[in-house]
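Novice: Input upload16.cif, format and content: mmCIF, C-alpha atoms.
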```cif
data_work
#
loop_
_atom_site.group_PDB
_atom_site.id
_atom_site.type_symbol
_atom_site.label_atom_id
_atom_site.label_comp_id
_atom_site.auth_asym_id
_atom_site.auth_seq_id
_atom_site.Cartn_x
_atom_site.Cartn_y
_atom_site.Cartn_z
ATOM 1 C CA MET Y 1387 114.350 102.206 102.738
ATOM 2 C CA ALA Y 1388 114.634 99.874 99.710
ATOM 3 C CA PHE Y 1389 111.507 98.472 98.075
ATOM 4 C CA ALA Y 1390 111.552 94.830 99.134
ATOM 5 C CA HIS Y 1391 110.034 93.246 96.029
ATOM 6 C CA LYS Y 1392 111.727 91.934 92.918
ATOM 7 C CA HIS Y 1393 108.409 91.297 91.135
ATOM 8 C CA ILE Y 1394 104.973 92.934 91.030
ATOM 9 C CA LEU Y 1395 102.662 89.935 90.692
ATOM 10 C CA GLY Y 1396 99.619 90.979 92.688
ATOM 11 C CA ILE Y 1397 98.285 93.361 95.303
ATOM 12 C CA ASN Y 1398 97.861 90.499 97.752
ATOM 13 C CA GLU Y 1399 101.655 90.266 98.124
ATOM 14 C CA LEU Y 1400 102.011 93.982 98.919
ATOM 15 C CA SER Y 1401 101.659 95.530 102.357
ATOM 16 C CA ARG Y 1402 99.881 98.799 103.103
ATOM 17 C CA GLU Y 1403 103.323 100.414 103.455
ATOM 18 C CA ASP Y 1404 104.360 99.040 100.031
ATOM 19 C CA ILE Y 1405 101.257 100.547 98.458
ATOM 20 C CA ILE Y 1406 101.890 103.936 100.062
ATOM 21 C CA THR Y 1407 105.489 103.836 98.811
ATOM 22 C CA ILE Y 1408 104.277 103.138 95.261
ATOM 23 C CA LEU Y 1409 101.678 105.921 95.378
ATOM 24 C CA ASP Y 1410 104.139 108.440 96.812
ATOM 25 C CA THR Y 1411 106.735 107.501 94.189
ATOM 26 C CA ALA Y 1412 104.129 107.873 91.448
ATOM 27 C CA GLU Y 1413 103.355 111.336 92.785
ATOM 28 C CA SER Y 1414 106.945 112.367 92.168
ATOM 29 C CA PHE Y 1415 106.863 110.961 88.627
ATOM 30 C CA LYS Y 1416 103.540 112.586 87.710
ATOM 31 C CA GLU Y 1417 105.216 115.964 87.249
ATOM 32 C CA ILE Y 1418 107.538 114.526 84.590
ATOM 33 C CA ASN Y 1419 104.547 113.798 82.368
ATOM 34 C CA THR Y 1420 103.660 117.505 82.242
ATOM 35 C CA ARG Y 1421 107.095 118.706 81.145
ATOM 36 C CA GLU Y 1422 107.923 119.824 77.628
ATOM 37 C CA ILE Y 1423 110.632 117.139 77.501
ATOM 38 C CA LYS Y 1424 109.036 114.145 79.177
ATOM 39 C CA LYS Y 1425 112.131 112.110 79.907
ATOM 40 C CA VAL Y 1426 114.530 111.402 82.766
ATOM 41 C CA PRO Y 1427 117.629 109.163 82.704
ATOM 42 C CA THR Y 1428 116.528 107.072 85.698
ATOM 43 C CA LEU Y 1429 116.514 103.668 83.945
ATOM 44 C CA ARG Y 1430 119.039 104.383 81.213
ATOM 45 C CA GLY Y 1431 120.730 101.110 80.219
ATOM 46 C CA LYS Y 1432 117.823 98.959 81.448
ATOM 47 C CA THR Y 1433 115.809 96.810 79.022
ATOM 48 C CA ILE Y 1434 112.075 96.205 79.454
ATOM 49 C CA ILE Y 1435 110.123 93.617 77.425
ATOM 50 C CA ASN Y 1436 106.355 94.070 77.174
ATOM 51 C CA LEU Y 1437 105.143 90.512 76.508
ATOM 52 C CA PHE Y 1438 101.409 90.672 75.807
ATOM 53 C CA PHE Y 1439 99.452 87.518 74.969
ATOM 54 C CA GLU Y 1440 96.138 89.393 75.160
ATOM 55 C CA SER Y 1441 95.080 92.506 73.298
ATOM 56 C CA SER Y 1442 95.523 95.768 75.161
ATOM 57 C CA THR Y 1443 95.511 99.470 74.378
ATOM 58 C CA ARG Y 1444 95.781 101.367 77.671
ATOM 59 C CA THR Y 1445 97.940 98.992 79.700
ATOM 60 C CA ARG Y 1446 100.483 98.128 77.016
ATOM 61 C CA THR Y 1447 100.819 101.702 75.779
ATOM 62 C CA SER Y 1448 101.064 102.973 79.341
ATOM 63 C CA PHE Y 1449 103.867 100.562 80.253
ATOM 64 C CA GLU Y 1450 105.685 101.383 77.016
ATOM 65 C CA ILE Y 1451 105.475 105.130 77.635
ATOM 66 C CA ALA Y 1452 106.459 104.643 81.285
ATOM 67 C CA GLY Y 1453 109.595 102.743 80.301
ATOM 68 C CA LYS Y 1454 110.582 105.225 77.613
ATOM 69 C CA ARG Y 1455 110.075 108.237 79.870
ATOM 70 C CA LEU Y 1456 112.483 106.606 82.303
ATOM 71 C CA SER Y 1457 114.945 106.188 79.371
ATOM 72 C CA ALA Y 1458 114.783 102.374 79.382
ATOM 73 C CA ASP Y 1459 115.060 100.423 76.135
ATOM 74 C CA THR Y 1460 111.523 99.133 75.631
ATOM 75 C CA VAL Y 1461 110.512 96.282 73.322
ATOM 76 C CA ASN Y 1462 106.935 95.163 72.630
ATOM 77 C CA ILE Y 1463 106.071 91.559 71.752
ATOM 78 C CA SER Y 1464 102.501 90.445 71.041
ATOM 79 C CA ALA Y 1465 101.236 86.863 70.966
ATOM 80 C CA SER Y 1466 100.688 87.001 67.209
ATOM 81 C CA ALA Y 1467 104.347 87.956 66.703
ATOM 82 C CA SER Y 1468 105.780 85.401 69.112
ATOM 83 C CA SER Y 1469 106.881 81.808 68.552
ATOM 84 C CA VAL Y 1470 103.967 80.628 70.716
ATOM 85 C CA THR Y 1471 101.981 80.636 67.462
ATOM 86 C CA LYS Y 1472 104.436 78.007 66.191
ATOM 87 C CA GLY Y 1473 103.910 75.729 69.167
ATOM 88 C CA GLU Y 1474 106.627 76.991 71.503
ATOM 89 C CA THR Y 1475 105.764 76.825 75.206
ATOM 90 C CA LEU Y 1476 105.401 79.943 77.310
ATOM 91 C CA GLU Y 1477 108.414 78.981 79.426
ATOM 92 C CA ASP Y 1478 110.626 78.396 76.364
ATOM 93 C CA THR Y 1479 109.541 81.718 74.868
ATOM 94 C CA ALA Y 1480 110.363 83.528 78.115
ATOM 95 C CA ARG Y 1481 113.713 81.741 78.544
ATOM 96 C CA ASN Y 1482 114.731 82.679 75.013
ATOM 97 C CA ILE Y 1483 113.815 86.294 75.742
ATOM 98 C CA GLU Y 1484 115.728 86.171 79.025
ATOM 99 C CA ALA Y 1485 118.808 84.900 77.170
ATOM 100 C CA MET Y 1486 118.953 88.411 75.682
ATOM 101 C CA HIS Y 1487 119.328 89.767 79.257
ATOM 102 C CA PRO Y 1488 116.287 92.010 79.775
ATOM 103 C CA ASP Y 1489 115.904 93.531 83.215
ATOM 104 C CA ILE Y 1490 112.104 93.426 83.402
ATOM 105 C CA ILE Y 1491 109.374 91.461 81.619
ATOM 106 C CA VAL Y 1492 105.918 93.037 81.768
ATOM 107 C CA MET Y 1493 103.438 90.288 80.980
ATOM 108 C CA ARG Y 1494 99.742 89.964 80.202
ATOM 109 C CA HIS Y 1495 98.306 86.483 79.730
ATOM 110 C CA SER Y 1496 94.889 84.824 79.624
ATOM 111 C CA ALA Y 1497 95.956 82.127 82.105
ATOM 112 C CA SER Y 1498 95.697 83.000 85.778
ATOM 113 C CA GLY Y 1499 99.078 82.588 87.440
ATOM 114 C CA ALA Y 1500 101.147 82.792 84.238
ATOM 115 C CA PRO Y 1501 103.340 85.718 85.489
ATOM 116 C CA HIS Y 1502 103.883 83.892 88.799
ATOM 117 C CA TYR Y 1503 104.976 80.782 86.871
ATOM 118 C CA LEU Y 1504 107.614 82.761 84.985
ATOM 119 C CA ALA Y 1505 108.755 84.689 88.062
ATOM 120 C CA GLN Y 1506 109.698 81.373 89.693
ATOM 121 C CA ARG Y 1507 111.800 80.357 86.691
ATOM 122 C CA LEU Y 1508 113.456 83.528 85.409
ATOM 123 C CA ASN Y 1509 116.190 85.702 86.888
ATOM 124 C CA CYS Y 1510 114.759 89.015 85.668
ATOM 125 C CA SER Y 1511 111.904 90.891 87.325
ATOM 126 C CA VAL Y 1512 108.334 90.141 86.225
ATOM 127 C CA VAL Y 1513 105.407 92.567 86.340
ATOM 128 C CA ASN Y 1514 101.875 91.216 86.062
ATOM 129 C CA ALA Y 1515 99.930 93.343 83.569
ATOM 130 C CA GLY Y 1516 96.840 91.164 83.985
ATOM 131 C CA ASP Y 1517 96.533 87.384 84.289
ATOM 132 C CA GLY Y 1518 93.233 85.795 83.344
ATOM 133 C CA ALA Y 1519 90.507 86.638 85.832
ATOM 134 C CA HIS Y 1520 93.016 86.684 88.693
ATOM 135 C CA GLU Y 1521 94.684 90.083 89.235
ATOM 136 C CA HIS Y 1522 95.603 93.358 87.551
ATOM 137 C CA PRO Y 1523 97.783 95.059 90.188
ATOM 138 C CA SER Y 1524 98.861 98.151 88.265
ATOM 139 C CA GLN Y 1525 95.211 98.981 87.473
ATOM 140 C CA ALA Y 1526 94.259 98.834 91.147
ATOM 141 C CA LEU Y 1527 97.242 101.008 92.064
ATOM 142 C CA LEU Y 1528 96.360 103.665 89.504
ATOM 143 C CA ASP Y 1529 92.768 103.543 90.774
ATOM 144 C CA LEU Y 1530 94.010 104.185 94.332
ATOM 145 C CA PHE Y 1531 96.261 106.962 93.079
ATOM 146 C CA THR Y 1532 93.332 108.610 91.275
ATOM 147 C CA ILE Y 1533 91.037 108.328 94.294
ATOM 148 C CA ARG Y 1534 93.686 109.798 96.590
ATOM 149 C CA GLN Y 1535 94.363 112.595 94.109
ATOM 150 C CA HIS Y 1536 90.716 113.664 93.972
ATOM 151 C CA LYS Y 1537 89.595 112.818 97.506
ATOM 152 C CA GLY Y 1538 92.777 113.438 99.463
ATOM 153 C CA ARG Y 1539 92.469 110.049 101.168
ATOM 154 C CA ILE Y 1540 91.296 106.463 100.689
ATOM 155 C CA GLU Y 1541 90.577 105.439 104.269
ATOM 156 C CA ASP Y 1542 86.879 105.356 105.285
ATOM 157 C CA LEU Y 1543 85.641 106.056 101.745
ATOM 158 C CA LYS Y 1544 82.688 104.020 100.437
ATOM 159 C CA VAL Y 1545 83.599 102.465 97.082
ATOM 160 C CA ALA Y 1546 80.925 100.705 95.009
ATOM 161 C CA ILE Y 1547 82.108 98.358 92.247
ATOM 162 C CA ILE Y 1548 79.370 97.389 89.805
ATOM 163 C CA GLY Y 1549 79.199 94.824 87.016
ATOM 164 C CA ASP Y 1550 80.830 91.544 86.020
ATOM 165 C CA ILE Y 1551 82.482 90.720 89.344
ATOM 166 C CA THR Y 1552 83.184 87.062 88.558
ATOM 167 C CA HIS Y 1553 85.360 87.593 85.503
ATOM 168 C CA SER Y 1554 87.070 90.852 86.471
ATOM 169 C CA ARG Y 1555 90.723 90.776 87.537
ATOM 170 C CA VAL Y 1556 90.367 94.478 88.340
ATOM 171 C CA VAL Y 1557 87.895 93.653 91.122
ATOM 172 C CA ARG Y 1558 90.222 91.238 92.859
ATOM 173 C CA SER Y 1559 93.156 93.618 92.859
ATOM 174 C CA ASN Y 1560 90.967 96.493 93.999
ATOM 175 C CA LEU Y 1561 89.442 94.411 96.786
ATOM 176 C CA TYR Y 1562 92.887 93.672 98.170
ATOM 177 C CA ALA Y 1563 94.075 97.249 97.700
ATOM 178 C CA LEU Y 1564 91.035 99.101 99.016
ATOM 179 C CA ASN Y 1565 90.759 96.877 102.081
ATOM 180 C CA LYS Y 1566 94.426 97.362 102.906
ATOM 181 C CA MET Y 1567 93.942 101.111 102.634
ATOM 182 C CA GLY Y 1568 90.870 101.151 104.892
ATOM 183 C CA ALA Y 1569 88.030 101.747 102.419
ATOM 184 C CA GLU Y 1570 84.571 100.154 102.583
ATOM 185 C CA VAL Y 1571 83.940 98.069 99.454
ATOM 186 C CA ARG Y 1572 80.484 97.337 98.051
ATOM 187 C CA LEU Y 1573 79.829 94.998 95.134
ATOM 188 C CA SER Y 1574 76.797 94.586 92.911
ATOM 189 C CA GLY Y 1575 75.979 92.823 89.676
ATOM 190 C CA PRO Y 1576 73.740 90.142 88.192
ATOM 191 C CA GLY Y 1577 73.597 86.991 90.321
ATOM 192 C CA THR Y 1578 75.271 85.055 87.510
ATOM 193 C CA MET Y 1579 78.251 87.428 87.732
ATOM 194 C CA ILE Y 1580 78.830 87.326 91.494
ATOM 195 C CA PRO Y 1581 81.206 84.556 92.624
ATOM 196 C CA PRO Y 1582 80.100 82.599 95.720
ATOM 197 C CA GLY Y 1583 81.969 83.599 98.863
ATOM 198 C CA ILE Y 1584 83.299 86.905 97.511
ATOM 199 C CA GLU Y 1585 82.235 88.489 100.821
ATOM 200 C CA LYS Y 1586 85.156 86.683 102.490
ATOM 201 C CA MET Y 1587 87.511 88.964 100.548
ATOM 202 C CA GLY Y 1588 86.200 91.968 102.461
ATOM 203 C CA ALA Y 1589 83.165 93.295 100.586
ATOM 204 C CA THR Y 1590 79.437 93.661 101.070
ATOM 205 C CA VAL Y 1591 77.366 92.286 98.174
ATOM 206 C CA TYR Y 1592 74.123 93.939 97.083
ATOM 207 C CA ALA Y 1593 71.646 92.421 94.636
ATOM 208 C CA ASP Y 1594 70.233 95.897 94.005
ATOM 209 C CA MET Y 1595 72.740 98.259 92.382
ATOM 210 C CA ASN Y 1596 70.935 101.280 93.829
ATOM 211 C CA GLU Y 1597 71.616 100.069 97.362
ATOM 212 C CA ALA Y 1598 75.300 99.632 96.551
ATOM 213 C CA ILE Y 1599 75.791 103.150 95.213
ATOM 214 C CA ASP Y 1600 73.613 104.884 97.827
ATOM 215 C CA GLY Y 1601 75.929 107.345 99.592
ATOM 216 C CA ALA Y 1602 79.026 106.060 97.796
ATOM 217 C CA ASP Y 1603 82.109 108.268 97.459
ATOM 218 C CA VAL Y 1604 83.340 106.350 94.422
ATOM 219 C CA VAL Y 1605 81.384 104.369 91.823
ATOM 220 C CA MET Y 1606 83.544 102.065 89.740
ATOM 221 C CA MET Y 1607 81.807 100.500 86.744
ATOM 222 C CA LEU Y 1608 83.099 97.339 85.052
ATOM 223 C CA ARG Y 1609 82.901 96.074 81.480
ATOM 224 C CA ILE Y 1610 81.088 92.790 80.862
ATOM 225 C CA GLN Y 1611 83.868 90.279 80.135
ATOM 226 C CA MET Y 1612 82.173 88.497 77.232
ATOM 227 C CA GLU Y 1613 85.480 86.936 76.129
ATOM 228 C CA ARG Y 1614 85.863 85.126 79.476
ATOM 229 C CA GLN Y 1615 82.297 83.881 79.886
ATOM 230 C CA GLY Y 1616 82.076 81.257 77.164
ATOM 231 C CA LYS Y 1617 78.334 81.937 77.056
ATOM 232 C CA SER Y 1618 76.222 84.938 77.890
ATOM 233 C CA LEU Y 1619 75.207 85.150 81.546
ATOM 234 C CA ILE Y 1620 72.577 87.836 81.003
ATOM 235 C CA PRO Y 1621 69.336 87.873 78.948
ATOM 236 C CA SER Y 1622 70.375 90.934 76.939
ATOM 237 C CA LEU Y 1623 72.579 94.016 77.065
ATOM 238 C CA ARG Y 1624 69.459 96.173 77.195
ATOM 239 C CA GLU Y 1625 68.258 94.429 80.339
ATOM 240 C CA TYR Y 1626 71.720 94.625 81.874
ATOM 241 C CA ALA Y 1627 71.860 98.381 81.222
ATOM 242 C CA ARG Y 1628 68.448 98.801 82.788
ATOM 243 C CA PHE Y 1629 69.403 97.184 86.102
ATOM 244 C CA TYR Y 1630 73.176 97.608 86.287
ATOM 245 C CA GLY Y 1631 74.001 100.592 84.106
ATOM 246 C CA LEU Y 1632 74.986 103.937 85.604
ATOM 247 C CA ASN Y 1633 72.954 106.886 84.398
ATOM 248 C CA THR Y 1634 72.143 110.415 85.501
ATOM 249 C CA VAL Y 1635 69.185 109.213 87.579
ATOM 250 C CA ASN Y 1636 70.791 106.533 89.751
ATOM 251 C CA LEU Y 1637 74.077 108.454 90.025
ATOM 252 C CA LYS Y 1638 72.168 110.942 92.185
ATOM 253 C CA LEU Y 1639 71.997 108.251 94.876
ATOM 254 C CA ALA Y 1640 75.762 108.544 95.366
ATOM 255 C CA ARG Y 1641 77.317 111.502 97.116
ATOM 256 C CA PRO Y 1642 77.152 114.741 95.101
ATOM 257 C CA ASP Y 1643 80.941 114.750 94.754
ATOM 258 C CA ALA Y 1644 81.221 111.022 94.011
ATOM 259 C CA LEU Y 1645 83.830 109.944 91.474
ATOM 260 C CA VAL Y 1646 82.826 107.813 88.491
ATOM 261 C CA MET Y 1647 85.557 105.398 87.440
ATOM 262 C CA HIS Y 1648 85.993 102.718 84.775
ATOM 263 C CA PRO Y 1649 89.064 100.620 83.859
ATOM 264 C CA GLY Y 1650 88.125 100.761 80.169
ATOM 265 C CA PRO Y 1651 87.229 100.131 77.490
ATOM 266 C CA ILE Y 1652 83.751 101.620 78.007
ATOM 267 C CA ASN Y 1653 80.655 100.153 76.388
ATOM 268 C CA ARG Y 1654 78.560 103.289 76.142
ATOM 269 C CA GLY Y 1655 74.893 102.713 76.816
ATOM 270 C CA VAL Y 1656 75.622 99.465 78.655
ATOM 271 C CA GLU Y 1657 77.582 100.018 81.879
ATOM 272 C CA LEU Y 1658 77.654 103.805 81.476
ATOM 273 C CA SER Y 1659 75.364 106.245 79.741
ATOM 274 C CA SER Y 1660 77.129 108.785 77.542
ATOM 275 C CA TYR Y 1661 75.906 111.587 79.807
ATOM 276 C CA VAL Y 1662 77.712 110.031 82.766
ATOM 277 C CA ALA Y 1663 80.764 108.949 80.748
ATOM 278 C CA ASP Y 1664 81.259 112.540 79.606
ATOM 279 C CA GLY Y 1665 79.942 114.161 82.772
ATOM 280 C CA PRO Y 1666 81.748 116.263 85.386
ATOM 281 C CA GLN Y 1667 82.045 113.444 87.926
ATOM 282 C CA ASN Y 1668 83.920 111.026 85.691
ATOM 283 C CA VAL Y 1669 87.669 110.694 86.241
ATOM 284 C CA ILE Y 1670 88.250 108.015 83.609
ATOM 285 C CA LEU Y 1671 90.804 109.993 81.614
ATOM 286 C CA SER Y 1672 92.496 110.906 84.873
ATOM 287 C CA GLN Y 1673 92.870 107.171 85.527
ATOM 288 C CA VAL Y 1674 94.552 106.744 82.141
ATOM 289 C CA GLU Y 1675 96.872 109.689 82.752
ATOM 290 C CA ASN Y 1676 97.795 108.455 86.227
ATOM 291 C CA GLY Y 1677 98.499 104.994 84.865
ATOM 292 C CA VAL Y 1678 101.723 106.231 83.288
ATOM 293 C CA ALA Y 1679 103.021 107.711 86.559
ATOM 294 C CA VAL Y 1680 102.084 104.615 88.569
ATOM 295 C CA ARG Y 1681 103.749 102.276 86.080
ATOM 296 C CA MET Y 1682 106.841 104.483 86.051
ATOM 297 C CA ALA Y 1683 106.916 104.071 89.824
ATOM 298 C CA LEU Y 1684 106.615 100.278 89.593
ATOM 299 C CA LEU Y 1685 109.397 99.965 87.012
ATOM 300 C CA TYR Y 1686 111.629 102.289 89.012
ATOM 301 C CA LEU Y 1687 111.058 100.567 92.354
ATOM 302 C CA ILE Y 1688 111.750 97.031 91.177
ATOM 303 C CA SER Y 1689 114.763 98.165 89.156
ATOM 304 C CA GLY Y 1690 116.537 99.977 91.967
ATOM 305 C CA VAL Y 1691 116.327 97.350 94.702
ATOM 306 C CA GLU Y 1692 119.061 95.038 95.935
ATOM 307 C CA HIS Y 1693 117.105 91.830 95.462
ATOM 308 C CA SER Y 1694 117.488 89.830 98.632
ATOM 309 C CA GLU Y 1695 114.360 87.782 97.951
ATOM 310 C CA ALA Y 1696 112.148 86.907 94.987
#
```
Step by step, read the file and then write its structure as structure tokens.

Specialist:
Amino acid sequence: MAFAHKHILGINELSREDIITILDTAESFKEINTREIKKVPTLRGKTIINLFFESSTRTRTSFEIAGKRLSADTVNISASASSVTKGETLEDTARNIEAMHPDIIVMRHSASGAPHYLAQRLNCSVVNAGDGAHEHPSQALLDLFTIRQHKGRIEDLKVAIIGDITHSRVVRSNLYALNKMGAEVRLSGPGTMIPPGIEKMGATVYADMNEAIDGADVVMMLRIQMERQGKSLIPSLREYARFYGLNTVNLKLARPDALVMHPGPINRGVELSSYVADGPQNVILSQVENGVAVRMALLYLISGVEHSEA
């Protein structure tokens, strides 16, 4: 059965069956990354543009490697190297790129909805690699893939997400994804970093971090998004670490086999102590590794479909 999406703009647009298809496809691609020659001709002749208006290490590199391992021609464009710095609009930049006939544009932008805006105006496929504080679908999918890999399932697991909930696009995508896959989602963070009404998205909010992680199967820690706050919403990093940092003491409240996750980059000593970040329960590098397979799956699925709808 063909994958029925031309674009990957957010988890909210995907069904449970779509998510399972992506995860199963990623499973088949994961083996390629362990070969001596890590390349297959699947997307030979396709052109992928990575258009990043925000800095990125893991996501941009992961998409680039994913495209190259599928034998696509991959081109990276950063904001500093684009004509946006000369006053060109986002739409004009994208239309000029599309005039060169790429097949896929992978885009990260600080404005929520920017990839959706382009998807409505361009003929090529668009993949959202993070838009403002809105969504980061590929991150949520690699998180699901990692949880399923280590736990064997996602349904009925208790997942605690701790930190800057308000400004995190990872949270929104994971809320959609985890709920669709049948997990119980718990959120905790400083009151200034919890958006009003977030419970309506299918989560239980705890003021006390310890209550959120008590008995959790997965503890996902988030970075404080200083660049999106405009002003600090906490008294100090030391106080934040005291009440909302994960350490060897409060981690014991979670299940003994609980996974510790983080989308990166880690601020050691703030959201995670070094003992936990380097400890046996952390699967952070596994997340990074799985990101390549998941993004290979996304590029493959939207490239091979007969696009009957946008």

Novice: Just say which residues the PyMOL selection byres ((chain Y and resi 1644-1660) around 6) picks in this file, as number ranges by chain.

Specialist: Y: 1603-1607, 1627, 1631-1633, 1641-1643, 1661-1664, 1667-1670

Novice: I need the residue nearest Ala1452 in chain Y from this list: Y:Val1492, Y:Leu1573, Y:Val1545, Y:Leu1409. Use only C-alpha atoms for the distance.

Specialist: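 With only C-alpha atoms as the atom set, the closest residue is Y:Val1492.
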
Novice: Hey, which of Y:Arg1555, Y:His1502, Y:Arg1455, Y:Lys1432 ends up closest to Ala1683 in chain Y? Count only C-alpha atoms.

Specialist: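 Checking each of Y:Arg1555, Y:His1502, Y:Arg1455, Y:Lys1432 against Ala1683 in chain Y, counting only C-alpha atoms, the winner is Y:Arg1455.
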
Novice: Which centre and which edge lengths, in Å to one decimal, describe the axis-aligned box that holds all listed atoms of range 1490-1504 of chain Y after 8 Å is added on each side, as AutoDock Vina command-line options?

Specialist:
```
--center_x 103.5 --center_y 87.1 --center_z 84.2 --size_x 33.2 --size_y 28.6 --size_z 25.2
```

Novice: Between Y:Met1579, Y:Val1513, Y:Ala1500, Y:Leu1608, which residue has the minimum interatomic distance to Val1556 in chain Y, considering all atoms listed in the file?

Specialist: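 For Val1556 in chain Y, the nearest of the candidates is Y:Leu1608.
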
Novice: Evaluated on this file, the PyMOL selection byres ((chain Y and resi 1568) around 6) picks out some residues - which ones are they, written as a PDB file with C-alpha atoms, in the frame of the given file?

Specialist:
```
ATOM      1  CA  GLU Y1541      90.577 105.439 104.269  1.00  0.00           C
ATOM      2  CA  ASP Y1542      86.879 105.356 105.285  1.00  0.00           C
ATOM      3  CA  ASN Y1565      90.759  96.877 102.081  1.00  0.00           C
ATOM      4  CA  LYS Y1566      94.426  97.362 102.906  1.00  0.00           C
ATOM      5  CA  MET Y1567      93.942 101.111 102.634  1.00  0.00           C
ATOM      6  CA  ALA Y1569      88.030 101.747 102.419  1.00  0.00           C
TER       7      ALA Y1569
END
```

Novice: Can you spell out as a PyMOL selection string the set of residues that the PyMOL selection byres ((chain Y and resi 1584) around 12) selects in the structure I just provided?

Specialist: chain Y and resi 1551-1552+1557-1558+1561-1562+1571-1574+1579-1583+1585-1592
